[in-house]
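Student: Supplied structure: protein_30.csv, CSV, C-alpha atoms and all ligand atoms.
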chain,number,residue,atom,x,y,z
P,1,MET,CA,28.1,27.7,39.6
P,2,LYS,CA,25.6,30.1,38.0
P,3,ALA,CA,24.2,29.1,34.6
P,4,ILE,CA,21.4,30.0,32.4
P,5,VAL,CA,19.5,26.7,32.3
P,6,TRP,CA,17.3,25.7,29.3
P,7,THR,CA,15.0,22.8,29.8
P,8,LYS,CA,12.4,23.3,27.1
P,9,TYR,CA,12.1,24.9,23.6
P,10,GLY,CA,10.3,28.2,23.4
P,11,PRO,CA,10.6,32.0,23.7
P,12,PRO,CA,13.4,33.8,25.7
P,13,ASN,CA,11.7,33.3,29.1
P,14,VAL,CA,12.5,29.6,28.9
P,15,LEU,CA,16.0,30.7,29.9
P,16,GLN,CA,16.4,30.7,33.7
P,17,LEU,CA,19.3,31.6,36.0
P,18,ARG,CA,20.1,28.7,38.3
P,19,ASP,CA,22.8,27.2,40.5
P,20,VAL,CA,24.0,24.0,38.9
P,21,GLU,CA,27.0,21.6,39.3
P,22,ARG,CA,30.2,22.8,37.6
P,23,PRO,CA,30.9,20.5,34.6
P,24,VAL,CA,33.9,18.1,34.8
P,25,PRO,CA,36.2,17.9,31.7
P,26,LYS,CA,36.5,14.5,30.0
P,27,ALA,CA,40.0,13.3,29.1
P,28,ASN,CA,40.1,15.3,25.9
P,29,GLU,CA,38.3,18.4,27.2
P,30,VAL,CA,39.2,21.6,28.9
P,31,LEU,CA,37.2,23.4,31.6
P,32,VAL,CA,36.9,27.1,30.7
P,33,LYS,CA,36.1,29.8,33.3
P,34,VAL,CA,33.9,31.9,31.1
P,35,TYR,CA,34.3,35.7,31.3
P,36,ALA,CA,32.4,36.7,28.1
P,37,THR,CA,30.0,35.0,25.7
P,38,THR,CA,27.3,36.1,23.2
P,39,VAL,CA,23.7,35.6,22.4
P,40,ASN,CA,23.5,35.0,18.6
P,41,ARG,CA,21.1,33.7,16.0
P,42,THR,CA,22.4,30.2,16.4
P,43,ASP,CA,21.3,30.3,20.1
P,44,VAL,CA,17.9,31.6,19.3
P,45,ALA,CA,17.3,29.1,16.5
P,46,PHE,CA,18.1,26.2,18.9
P,47,MET,CA,16.3,27.9,21.9
P,48,ARG,CA,13.0,27.8,19.8
P,49,ALA,CA,14.0,24.7,17.8
P,50,LYS,CA,13.2,26.7,14.6
P,51,PRO,CA,13.8,25.4,12.0
P,52,PHE,CA,12.5,22.0,13.3
P,53,ILE,CA,15.7,20.3,12.1
P,54,ALA,CA,17.5,21.8,15.1
P,55,ARG,CA,15.8,19.1,17.2
P,56,PHE,CA,17.9,16.4,15.5
P,57,PHE,CA,21.0,18.0,17.0
P,58,THR,CA,19.7,19.1,20.5
P,59,GLY,CA,16.9,16.7,21.3
P,60,LEU,CA,13.6,15.7,19.6
P,61,LEU,CA,11.2,16.6,22.5
P,62,SER,CA,13.3,18.7,24.8
P,63,PRO,CA,16.9,20.0,24.9
P,64,LYS,CA,19.5,17.4,25.9
P,65,PHE,CA,22.0,20.1,27.0
P,66,THR,CA,21.8,22.2,30.1
P,67,SER,CA,22.7,25.6,28.7
P,68,LEU,CA,23.0,27.5,25.4
P,69,GLY,CA,25.9,29.8,24.4
P,70,ASN,CA,28.3,28.8,21.7
P,71,GLU,CA,30.9,31.6,21.6
P,72,PHE,CA,33.1,32.2,24.6
P,73,ALA,CA,36.3,33.7,25.9
P,74,GLY,CA,37.8,32.9,29.3
P,75,GLN,CA,40.6,31.2,31.1
P,76,ILE,CA,41.4,27.5,31.3
P,77,GLU,CA,40.5,26.3,34.8
P,78,ALA,CA,41.3,22.6,34.4
P,79,VAL,CA,42.3,20.1,31.7
P,80,GLY,CA,41.5,16.5,31.0
P,81,ILE,CA,44.3,13.9,31.4
P,82,ASN,CA,44.9,13.7,27.6
P,83,VAL,CA,45.0,17.5,26.9
P,84,LYS,CA,48.4,18.6,25.7
P,85,SER,CA,48.0,21.9,23.9
P,86,PHE,CA,46.5,24.0,26.8
P,87,LYS,CA,47.3,24.5,30.4
P,88,VAL,CA,45.6,26.0,33.4
P,89,GLY,CA,45.6,29.8,33.2
P,90,ASP,CA,45.7,30.1,29.4
P,91,LYS,CA,43.3,32.8,28.1
P,92,VAL,CA,41.3,31.2,25.3
P,93,PHE,CA,38.4,31.9,23.0
P,94,GLY,CA,36.3,29.7,20.7
P,95,TYR,CA,33.1,28.2,19.4
P,96,ASN,CA,31.1,25.1,20.3
P,97,ASP,CA,27.7,24.5,18.6
P,98,LYS,CA,27.8,20.7,19.4
P,99,ILE,CA,27.1,20.9,23.2
P,100,PHE,CA,26.9,24.7,23.7
P,101,GLY,CA,27.2,25.6,27.5
P,102,ALA,CA,28.8,29.0,27.4
P,103,HIS,CA,25.9,30.8,29.1
P,104,ALA,CA,27.4,29.8,32.5
P,105,GLN,CA,30.4,30.5,34.7
P,106,PHE,CA,32.2,27.4,33.5
P,107,MET,CA,31.9,25.2,30.4
P,108,VAL,CA,33.7,22.2,28.9
P,109,THR,CA,34.9,22.1,25.3
P,110,PRO,CA,37.1,19.7,23.4
P,111,GLU,CA,40.8,20.5,23.0
P,112,GLU,CA,40.6,19.7,19.3
P,113,GLY,CA,37.4,21.8,18.7
P,114,MET,CA,37.3,25.4,17.6
P,115,LEU,CA,39.5,26.6,20.5
P,116,ALA,CA,42.6,28.8,20.5
P,117,VAL,CA,44.7,31.1,22.7
P,118,MET,CA,43.1,34.5,22.6
P,119,PRO,CA,44.5,37.3,20.4
P,120,ALA,CA,47.1,39.4,22.1
P,121,ASP,CA,45.9,42.8,23.5
P,122,THR,CA,42.3,41.8,23.3
P,123,SER,CA,39.7,41.7,26.1
P,124,TYR,CA,37.4,38.8,26.8
P,125,GLU,CA,34.5,41.0,25.6
P,126,GLU,CA,36.2,41.6,22.2
P,127,ALA,CA,37.4,38.0,21.7
P,128,ALA,CA,34.1,36.2,22.6
P,129,PRO,CA,32.1,37.6,19.5
P,130,SER,CA,34.7,36.8,17.0
P,131,THR,CA,33.9,33.2,16.0
P,132,GLU,CA,30.2,32.5,15.2
P,133,GLY,CA,29.4,35.0,12.5
P,134,ALA,CA,33.0,34.8,11.2
P,135,HIS,CA,32.9,31.0,10.9
P,136,TYR,CA,29.6,31.1,8.9
P,137,ALA,CA,31.0,33.8,6.7
P,138,LEU,CA,34.3,31.9,6.1
P,139,ASN,CA,32.5,28.6,5.3
P,140,ASN,CA,30.4,30.4,2.7
P,141,ILE,CA,33.4,32.3,1.3
P,142,ARG,CA,35.4,29.1,1.0
P,143,LYS,CA,32.6,27.1,-0.6
P,144,ALA,CA,32.0,29.9,-3.1
P,145,ASP,CA,35.7,29.8,-3.8
P,146,ILE,CA,36.0,33.6,-3.7
P,147,GLN,CA,39.1,34.8,-5.5
P,148,SER,CA,41.1,38.0,-5.6
P,149,GLY,CA,39.6,40.5,-8.0
P,150,GLN,CA,36.1,39.1,-8.0
P,151,SER,CA,33.0,41.2,-7.3
P,152,ILE,CA,30.9,40.2,-4.4
P,153,LEU,CA,27.5,41.6,-3.3
P,154,ILE,CA,26.8,41.1,0.5
P,155,ASN,CA,23.2,41.6,1.6
P,156,GLY,CA,22.7,42.1,5.3
P,157,ALA,CA,26.3,43.5,5.7
P,158,THR,CA,25.6,44.7,9.3
P,159,GLY,CA,24.7,41.3,10.9
P,160,ALA,CA,27.2,39.1,12.7
P,161,ILE,CA,27.7,37.1,9.6
P,162,GLY,CA,27.5,40.0,7.1
P,163,SER,CA,29.9,42.3,9.1
P,164,ALA,CA,32.5,39.5,9.3
P,165,ALA,CA,31.9,38.6,5.6
P,166,VAL,CA,32.7,42.2,4.4
P,167,GLN,CA,36.0,42.1,6.3
P,168,LEU,CA,36.9,38.5,5.2
P,169,VAL,CA,36.1,39.1,1.6
P,170,LYS,CA,38.2,42.2,1.6
P,171,TYR,CA,41.0,40.2,3.2
P,172,PHE,CA,40.8,37.8,0.2
P,173,ASN,CA,41.2,40.9,-2.1
P,174,ALA,CA,37.8,40.8,-3.7
P,175,GLU,CA,35.6,43.8,-4.3
P,176,VAL,CA,32.6,44.2,-2.0
P,177,THR,CA,29.3,45.9,-2.6
P,178,ALA,CA,27.5,45.9,0.8
P,179,VAL,CA,23.7,46.3,1.3
P,180,CYS,CA,22.6,47.8,4.6
P,181,ASP,CA,20.3,50.3,6.3
P,182,THR,CA,21.0,54.1,6.1
P,183,LYS,CA,22.2,54.3,9.7
P,184,ASN,CA,25.0,51.9,9.0
P,185,LEU,CA,26.4,53.1,5.7
P,186,GLU,CA,29.5,54.6,7.3
P,187,LEU,CA,30.1,51.6,9.5
P,188,VAL,CA,30.0,49.3,6.5
P,189,ARG,CA,32.4,51.5,4.6
P,190,SER,CA,34.8,51.5,7.6
P,191,LEU,CA,34.8,47.7,7.4
P,192,GLY,CA,36.2,48.0,3.9
P,193,ALA,CA,33.1,47.9,1.6
P,194,ASP,CA,34.0,49.4,-1.8
P,195,GLN,CA,30.4,50.3,-2.7
P,196,VAL,CA,27.4,50.6,-0.4
P,197,ILE,CA,23.7,50.3,-1.2
P,198,ASP,CA,21.1,51.6,1.2
P,199,TYR,CA,18.3,49.1,1.1
P,200,THR,CA,15.7,51.7,2.3
P,201,ASN,CA,16.4,53.7,-0.9
P,202,GLU,CA,17.3,51.2,-3.5
P,203,ASP,CA,16.4,47.6,-4.5
P,204,PHE,CA,19.8,46.0,-5.0
P,205,THR,CA,18.3,43.4,-7.4
P,206,LYS,CA,17.2,46.2,-9.8
P,207,ASN,CA,20.3,48.4,-10.3
P,208,GLY,CA,21.6,46.5,-13.4
P,209,LYS,CA,25.0,45.6,-12.0
P,210,THR,CA,26.3,42.0,-12.0
P,211,TYR,CA,28.5,40.1,-9.6
P,212,ASP,CA,30.5,36.9,-9.4
P,213,VAL,CA,28.9,36.0,-6.0
P,214,VAL,CA,25.7,37.3,-4.3
P,215,PHE,CA,26.1,36.4,-0.6
P,216,ASP,CA,22.8,37.0,1.2
P,217,ALA,CA,24.1,37.0,4.8
P,218,VAL,CA,20.6,37.8,6.2
P,219,GLY,CA,18.5,35.5,4.0
P,220,LYS,CA,16.1,38.1,2.8
P,221,SER,CA,16.4,37.5,-1.0
P,222,SER,CA,16.0,34.5,-3.2
P,223,PHE,CA,17.9,32.8,-6.0
P,224,GLY,CA,15.0,33.7,-8.4
P,225,ARG,CA,15.4,37.5,-7.6
P,226,CYS,CA,19.2,37.5,-7.6
P,227,LYS,CA,19.8,35.3,-10.7
P,228,PRO,CA,19.8,38.3,-13.1
P,229,LEU,CA,22.6,39.8,-10.9
P,230,LEU,CA,24.9,36.9,-11.4
P,231,LYS,CA,27.6,36.8,-14.1
P,232,PRO,CA,27.7,33.6,-16.1
P,233,GLY,CA,29.0,30.9,-13.7
P,234,GLY,CA,28.1,33.2,-10.8
P,235,ILE,CA,27.2,31.8,-7.3
P,236,TYR,CA,24.3,32.6,-5.0
P,237,VAL,CA,24.7,31.8,-1.3
P,238,SER,CA,22.2,32.5,1.5
P,239,THR,CA,22.4,31.9,5.3
P,240,GLU,CA,18.7,30.9,5.4
P,241,LEU,CA,16.9,27.8,4.0
P,242,GLY,CA,14.6,30.1,2.0
P,243,PHE,CA,10.9,29.6,1.2
P,244,LEU,CA,10.0,25.9,1.4
P,245,ALA,CA,13.7,25.1,2.1
P,246,GLN,CA,14.4,26.0,-1.5
P,247,ASN,CA,18.1,26.9,-1.1
P,248,PRO,CA,19.5,23.4,-0.3
P,249,LEU,CA,17.2,22.0,-3.0
P,250,LEU,CA,18.4,24.6,-5.5
P,251,ALA,CA,22.0,23.8,-4.5
P,252,LEU,CA,21.3,20.2,-5.7
P,253,TRP,CA,19.5,21.2,-8.8
P,254,THR,CA,22.0,23.8,-10.0
P,255,SER,CA,24.9,21.5,-9.2
P,256,ILE,CA,23.7,19.6,-12.4
P,257,PHE,CA,21.7,22.2,-14.4
P,258,GLY,CA,22.5,25.7,-15.5
P,259,SER,CA,25.6,27.9,-15.4
P,260,LYS,CA,24.5,30.0,-12.3
P,261,LYS,CA,24.8,28.0,-9.1
P,262,VAL,CA,23.3,28.0,-5.6
P,263,ILE,CA,25.5,26.7,-2.8
P,264,PHE,CA,24.4,25.8,0.7
P,265,PRO,CA,27.5,24.6,2.6
P,266,ILE,CA,27.2,22.6,5.9
P,267,PRO,CA,29.4,24.7,8.1
P,268,LYS,CA,32.5,23.2,9.8
P,269,SER,CA,34.0,24.6,13.0
P,270,LEU,CA,37.7,24.0,12.8
P,271,LYS,CA,40.5,24.7,15.3
P,272,ALA,CA,42.5,26.1,12.5
P,273,ASP,CA,39.8,28.7,11.9
P,274,ALA,CA,40.0,30.0,15.5
P,275,ILE,CA,43.8,30.4,15.0
P,276,PHE,CA,43.1,32.1,11.6
P,277,PHE,CA,40.7,34.6,13.2
P,278,ARG,CA,43.2,35.3,16.0
P,279,GLU,CA,45.9,36.1,13.4
P,280,LEU,CA,43.5,38.3,11.5
P,281,ILE,CA,42.5,40.2,14.7
P,282,GLU,CA,46.2,40.6,15.7
P,283,ALA,CA,47.0,41.9,12.2
P,284,GLY,CA,44.1,44.4,12.3
P,285,LYS,CA,42.3,42.7,9.4
P,286,TYR,CA,39.2,41.6,11.3
P,287,LYS,CA,37.3,43.1,14.2
P,288,PRO,CA,34.0,41.8,15.5
P,289,ILE,CA,31.4,44.6,15.7
P,290,ILE,CA,29.8,44.8,19.2
P,291,ASP,CA,26.3,46.3,19.4
P,292,ARG,CA,25.2,45.8,23.0
P,293,THR,CA,26.6,44.2,26.2
P,294,TYR,CA,24.5,42.7,28.9
P,295,PRO,CA,25.4,40.8,32.1
P,296,LEU,CA,24.6,37.1,32.3
P,297,GLU,CA,21.6,37.9,34.6
P,298,GLN,CA,19.9,39.8,31.8
P,299,ILE,CA,20.1,37.1,29.2
P,300,VAL,CA,16.4,37.1,28.5
P,301,GLU,CA,16.5,40.9,27.6
P,302,ALA,CA,19.6,40.2,25.5
P,303,THR,CA,17.9,37.3,23.7
P,304,ARG,CA,14.7,39.4,23.0
P,305,TYR,CA,17.0,42.0,21.3
P,306,VAL,CA,18.8,39.4,19.2
P,307,GLU,CA,15.4,38.0,18.1
P,308,THR,CA,14.4,41.4,16.6
P,309,GLY,CA,16.9,40.5,13.8
P,310,GLN,CA,18.2,44.1,14.0
P,311,LYS,CA,21.3,43.8,16.0
P,312,THR,CA,24.4,45.4,14.4
P,313,GLY,CA,27.1,42.8,14.6
P,314,ASN,CA,27.1,41.0,18.0
P,315,VAL,CA,25.5,41.1,21.4
P,316,VAL,CA,28.0,40.3,24.2
P,317,ILE,CA,27.2,38.8,27.6
P,318,THR,CA,29.6,39.4,30.5
P,319,VAL,CA,30.0,36.7,33.2
P,320,ASP,CA,31.2,37.7,36.6
P,321,HIS,CA,32.7,35.4,39.2
P,322,ASP,CA,32.2,37.6,42.3
P,323,ASP,CA,30.2,35.0,44.1
P,324,GLU,CA,33.1,32.5,44.1
P,325,ALA,CA,35.1,31.8,47.2
F,1,LIG,N1,19.7,28.4,11.8
F,1,LIG,C1,20.9,28.7,12.4
F,1,LIG,O1,21.4,28.0,13.2
F,1,LIG,C2,21.5,30.0,12.0
F,1,LIG,C3,22.6,30.4,12.6
F,1,LIG,C4,23.2,31.6,12.3
F,1,LIG,C5,22.6,32.4,11.4
F,1,LIG,N2,21.5,32.1,10.8
F,1,LIG,C6,20.8,33.0,9.9
F,1,LIG,O2,21.7,33.8,9.3
F,1,LIG,C7,21.1,35.1,9.2
F,1,LIG,C8,22.1,36.2,9.6
F,1,LIG,O3,22.5,35.9,10.9
F,1,LIG,P1,23.3,37.1,11.7
F,1,LIG,O4,23.6,36.6,13.1
F,1,LIG,O5,24.3,37.7,10.9
F,1,LIG,O6,22.0,38.1,11.8
F,1,LIG,P2,21.9,39.4,12.7
F,1,LIG,O7,23.2,39.7,13.3
F,1,LIG,O8,20.6,39.2,13.5
F,1,LIG,O9,21.7,40.6,11.7
F,1,LIG,C9,20.8,40.9,10.8
F,1,LIG,C10,21.2,42.2,10.2
F,1,LIG,O10,20.6,42.3,8.9
F,1,LIG,C11,20.1,43.6,8.8
F,1,LIG,N3,18.9,43.5,8.0
F,1,LIG,C12,17.6,43.3,8.4
F,1,LIG,N4,16.8,43.3,7.4
F,1,LIG,C13,17.5,43.5,6.3
F,1,LIG,C14,17.3,43.6,4.9
F,1,LIG,N5,16.0,43.5,4.4
F,1,LIG,N6,18.2,43.9,4.1
F,1,LIG,C15,19.5,44.0,4.5
F,1,LIG,N7,19.9,44.0,5.8
F,1,LIG,C16,18.9,43.7,6.7
F,1,LIG,C17,19.8,44.1,10.2
F,1,LIG,O11,20.1,45.5,10.3
F,1,LIG,P3,19.0,46.6,10.0
F,1,LIG,O12,17.8,46.2,10.8
F,1,LIG,O13,19.6,47.9,10.5
F,1,LIG,O14,18.8,46.6,8.5
F,1,LIG,C18,20.9,43.4,11.0
F,1,LIG,O15,22.1,44.2,11.2
F,1,LIG,C19,19.9,35.2,10.0
F,1,LIG,O16,18.8,35.1,9.1
F,1,LIG,C20,19.9,33.9,10.8
F,1,LIG,O17,18.7,33.4,11.1
F,1,LIG,C21,20.9,30.9,11.1
Do you think you could lay out the structure here as structure tokens?

Tutor:
Amino acid sequence: MKAIVWTKYGPPNVLQLRDVERPVPKANEVLVKVYATTVNRTDVAFMRAKPFIARFFTGLLSPKFTSLGNEFAGQIEAVGINVKSFKVGDKVFGYNDKIFGAHAQFMVTPEEGMLAVMPADTSYEEAAPSTEGAHYALNNIRKADIQSGQSILINGATGAIGSAAVQLVKYFNAEVTAVCDTKNLELVRSLGADQVIDYTNEDFTKNGKTYDVVFDAVGKSSFGRCKPLLKPGGIYVSTELGFLAQNPLLALWTSIFGSKKVIFPIPKSLKADAIFFRELIEAGKYKPIIDRTYPLEQIVEATRYVETGQKTGNVVITVDHDDEA
């Protein structure tokens, strides 16, 4: 099969298109014929092993997995002997950041991982980008215990995580103030934001308003700058470690001292969440934003674009199977 092989940490040109053996599912795994995947910030963090801690998951000196790619949509091609809930031919989508492997014509993934039947009336290209950003957003929303009627400021509302967060926070009936660039104000409103702040015209930390939660989905602020924006008992959450890894440290400190808290949840990828995202998509409550689409052969160009940190939502990769007999 064709796969984008990754043998050393580094810039996008470490990714190479090669012919490799098709993986064989273990007893509890399914083999997915991948039709669409994505390049996202999780891929690029692991590709470069930045932050260094990524090496503890994917190999200290060099990557121990063949291919990157954590989101996918495709068709079940084969199932392991213990698999009960999927059968050959099922259209599925999901997320795997344990062994990756979606940047290939075929990948294996566990039956009990974040894997579900695809939403009805959805293409592979629409289903593939619906899990990575959304699962980070959902993990933070849950840990912040966002409740109906609360006010939430989301910085970086146009990223994969931010654009999912706006929609999910609205689903949970909280009020969203979204911070984004001028060109995306209408997009963010269309996702449900109640108020928008154009970060090119206004510093959101200085407008005098206060919130129950400040969710920095792009990791460009700090607890120090955002603390005055928090109501008493308010929560600050960021998707980045922050300067000198301050966010996890502040999460520990503020869990004991002070009324305003920092949280830094370790994300979980649950099967139930893939099912939840499918239900939201089918109900029209969540739609992943697609910025650009590239074929698998152009993964280096796609990855360079993702590394700019300026994609709007998601970058999809299509995988063809024309070369198969
Ligand atoms: N370590 C990991 O494994 C990991 C995994 C996932 C995510 N993350 C982190 O989580 C963050 C978000 O990820 P993502 O995938 O959602 O990012 P993304 O899709 O790359 O999006 C970043 C978005 O933020 C906007 N933006 C850039 N600068 C901004 C600023 N100063 N203020 C407000 N918005 C700004 C960009 O739009 P404009 O340029 O138009 O403003 C872009 O739409 C990233 O920092 C990423 O590194 C880390």

Student: What's around range 277-290 of chain P at 8 Å? Count only C-alpha atoms, leave out sequence neighbours fewer than 5 positions away in its own chain, and write the answer as a VMD selection string.

Tutor: chain P and resid 116 118 to 120 126 129 to 131 134 160 163 to 164 167 to 168 171 312 to 316

Student: Given all atoms listed in the file as the basis, pick out the residue of P:Glu71, P:Asp216, P:Asp291, P:Asp323 nearest to Tyr124 in chain P.

Tutor: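 Smallest separation from Tyr124 in chain P among the options: P:Glu71.
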
Student: Quick one: which chain P residues come within 7 Å of ligand LIG 1 (chain F), and what is the nearest atom pair for each with the distance in Å to one decimal, counting all atoms listed in the file, rows ordered by chain and ascending number, as JSON lines?

Tutor:
{"residue": "P:Asn40", "atom": "CA", "partner": "F:LIG1", "partner_atom": "O4", "distance": 5.7}
{"residue": "P:Arg41", "atom": "CA", "partner": "F:LIG1", "partner_atom": "C4", "distance": 4.7}
{"residue": "P:Thr42", "atom": "CA", "partner": "F:LIG1", "partner_atom": "C3", "distance": 3.8}
{"residue": "P:Ala45", "atom": "CA", "partner": "F:LIG1", "partner_atom": "N1", "distance": 5.3}
{"residue": "P:Phe46", "atom": "CA", "partner": "F:LIG1", "partner_atom": "O1", "distance": 6.8}
{"residue": "P:Pro51", "atom": "CA", "partner": "F:LIG1", "partner_atom": "N1", "distance": 6.6}
{"residue": "P:Gly133", "atom": "CA", "partner": "F:LIG1", "partner_atom": "O5", "distance": 6.0}
{"residue": "P:Asn155", "atom": "CA", "partner": "F:LIG1", "partner_atom": "C15", "distance": 5.3}
{"residue": "P:Gly156", "atom": "CA", "partner": "F:LIG1", "partner_atom": "N7", "distance": 3.4}
{"residue": "P:Ala157", "atom": "CA", "partner": "F:LIG1", "partner_atom": "N7", "distance": 6.4}
{"residue": "P:Thr158", "atom": "CA", "partner": "F:LIG1", "partner_atom": "O15", "distance": 4.0}
{"residue": "P:Gly159", "atom": "CA", "partner": "F:LIG1", "partner_atom": "O9", "distance": 3.2}
{"residue": "P:Ala160", "atom": "CA", "partner": "F:LIG1", "partner_atom": "O5", "distance": 3.7}
{"residue": "P:Ile161", "atom": "CA", "partner": "F:LIG1", "partner_atom": "O5", "distance": 3.7}
{"residue": "P:Gly162", "atom": "CA", "partner": "F:LIG1", "partner_atom": "O5", "distance": 5.5}
{"residue": "P:Val179", "atom": "CA", "partner": "F:LIG1", "partner_atom": "C15", "distance": 5.8}
{"residue": "P:Cys180", "atom": "CA", "partner": "F:LIG1", "partner_atom": "N7", "distance": 4.8}
{"residue": "P:Asp181", "atom": "CA", "partner": "F:LIG1", "partner_atom": "O14", "distance": 4.6}
{"residue": "P:Lys183", "atom": "CA", "partner": "F:LIG1", "partner_atom": "O13", "distance": 7.0}
{"residue": "P:Asn184", "atom": "CA", "partner": "F:LIG1", "partner_atom": "O13", "distance": 6.9}
{"residue": "P:Tyr199", "atom": "CA", "partner": "F:LIG1", "partner_atom": "N6", "distance": 6.0}
{"residue": "P:Ala217", "atom": "CA", "partner": "F:LIG1", "partner_atom": "C8", "distance": 5.3}
{"residue": "P:Val218", "atom": "CA", "partner": "F:LIG1", "partner_atom": "C8", "distance": 4.0}
{"residue": "P:Gly219", "atom": "CA", "partner": "F:LIG1", "partner_atom": "O16", "distance": 5.1}
{"residue": "P:Lys220", "atom": "CA", "partner": "F:LIG1", "partner_atom": "N5", "distance": 5.6}
{"residue": "P:Thr239", "atom": "CA", "partner": "F:LIG1", "partner_atom": "O2", "distance": 4.5}
{"residue": "P:Glu240", "atom": "CA", "partner": "F:LIG1", "partner_atom": "C6", "distance": 5.4}
{"residue": "P:Val306", "atom": "CA", "partner": "F:LIG1", "partner_atom": "O8", "distance": 6.0}
{"residue": "P:Gly309", "atom": "CA", "partner": "F:LIG1", "partner_atom": "O8", "distance": 3.9}
{"residue": "P:Gln310", "atom": "CA", "partner": "F:LIG1", "partner_atom": "O12", "distance": 3.8}
{"residue": "P:Lys311", "atom": "CA", "partner": "F:LIG1", "partner_atom": "O15", "distance": 4.9}
{"residue": "P:Thr312", "atom": "CA", "partner": "F:LIG1", "partner_atom": "O15", "distance": 4.1}
{"residue": "P:Gly313", "atom": "CA", "partner": "F:LIG1", "partner_atom": "O7", "distance": 5.1}
{"residue": "P:Asn314", "atom": "CA", "partner": "F:LIG1", "partner_atom": "O7", "distance": 6.2}

Student: Between CA of Ala137 in chain P and CA of Phe243 in chain P, measure the distance and give it in Å to one decimal.

Tutor: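 About the pair CA of Ala137 in chain P and CA of Phe243 in chain P: they are 21.3 Å apart.
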
Student: In terms of the shortest atom-to-atom distance over all atoms listed in the file, which of P:Leu61, P:Ile299, P:Ile256, P:Ala165 is closest to Thr7 in chain P?

Tutor: P:Leu61

Student: So which residues touch Ala144 in chain P within 10 Å, counting all atoms listed in the file, skipping near sequence neighbours fewer than 2 positions away, as a VMD selection string?

Tutor: chain P and resid 138 to 142 146 to 147 212 to 215 234 to 237 261 to 265

Student: Next, write the just-selected residues to a file, as an mmCIF file, in the frame of the given file, keeping C-alpha atoms as the atom set.

Tutor:
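Output below, filename selection_3.cif:
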data_model
loop_
_atom_site.group_PDB
_atom_site.id
_atom_site.type_symbol
_atom_site.label_atom_id
_atom_site.label_comp_id
_atom_site.auth_asym_id
_atom_site.auth_seq_id
_atom_site.Cartn_x
_atom_site.Cartn_y
_atom_site.Cartn_z
ATOM 1 C CA LEU P 138 34.300 31.900 6.100
ATOM 2 C CA ASN P 139 32.500 28.600 5.300
ATOM 3 C CA ASN P 140 30.400 30.400 2.700
ATOM 4 C CA ILE P 141 33.400 32.300 1.300
ATOM 5 C CA ARG P 142 35.400 29.100 1.000
ATOM 6 C CA ILE P 146 36.000 33.600 -3.700
ATOM 7 C CA GLN P 147 39.100 34.800 -5.500
ATOM 8 C CA ASP P 212 30.500 36.900 -9.400
ATOM 9 C CA VAL P 213 28.900 36.000 -6.000
ATOM 10 C CA VAL P 214 25.700 37.300 -4.300
ATOM 11 C CA PHE P 215 26.100 36.400 -0.600
ATOM 12 C CA GLY P 234 28.100 33.200 -10.800
ATOM 13 C CA ILE P 235 27.200 31.800 -7.300
ATOM 14 C CA TYR P 236 24.300 32.600 -5.000
ATOM 15 C CA VAL P 237 24.700 31.800 -1.300
ATOM 16 C CA LYS P 261 24.800 28.000 -9.100
ATOM 17 C CA VAL P 262 23.300 28.000 -5.600
ATOM 18 C CA ILE P 263 25.500 26.700 -2.800
ATOM 19 C CA PHE P 264 24.400 25.800 0.700
ATOM 20 C CA PRO P 265 27.500 24.600 2.600
#

Student: For Arg55 in chain P, which residue out of P:Tyr9, P:Ser190, P:Glu111, P:Ala174 is the nearest one, using all atoms listed in the file?

Tutor: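 Smallest separation from Arg55 in chain P among the options: P:Tyr9.
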
Student: To one decimal in Å, tell me the separation between CA of Val20 in chain P and CA of Gln105 in chain P.

Tutor: 10.0 Å

Student: If you count all atoms listed in the file, which residues fall within 8 Å of Thr109 in chain P, apart from same-chain ones fewer than 2 positions away, as JSON, numbers by chain?

Tutor: {"P": [25, 29, 30, 31, 32, 96, 107, 111, 113]}

Student: Once 5 Å is added on each side, what are the centre and the three edge lengths, in Å to one decimal, of the axis-aligned box enclosing the listed atoms of range 23-42 of chain P? Present them as JSON.

Tutor:
{"center_x": 30.6, "center_y": 25.0, "center_z": 25.4, "size_x": 29.0, "size_y": 33.4, "size_z": 28.8}

Student: Contacts of His321 in chain P at 10 Å or less, counting only C-alpha atoms, minus same-chain residues fewer than 6 places along, as a ChimeraX atom specification?

Tutor: /P:1-2,33-35,105-106

Student: So, counting only C-alpha atoms, which residue among P:Arg304, P:Tyr294, P:Leu250, P:Leu229 is closest to Glu125 in chain P?

Tutor: P:Tyr294

Student: Can you tell me, as a list in words, what residues are no more than 8 Å from Asp273 in chain P when counting all atoms listed in the file, ignoring any on the same chain fewer than 4 positions away?

Tutor: Met114, His135, Ser269 and Phe277 of chain P
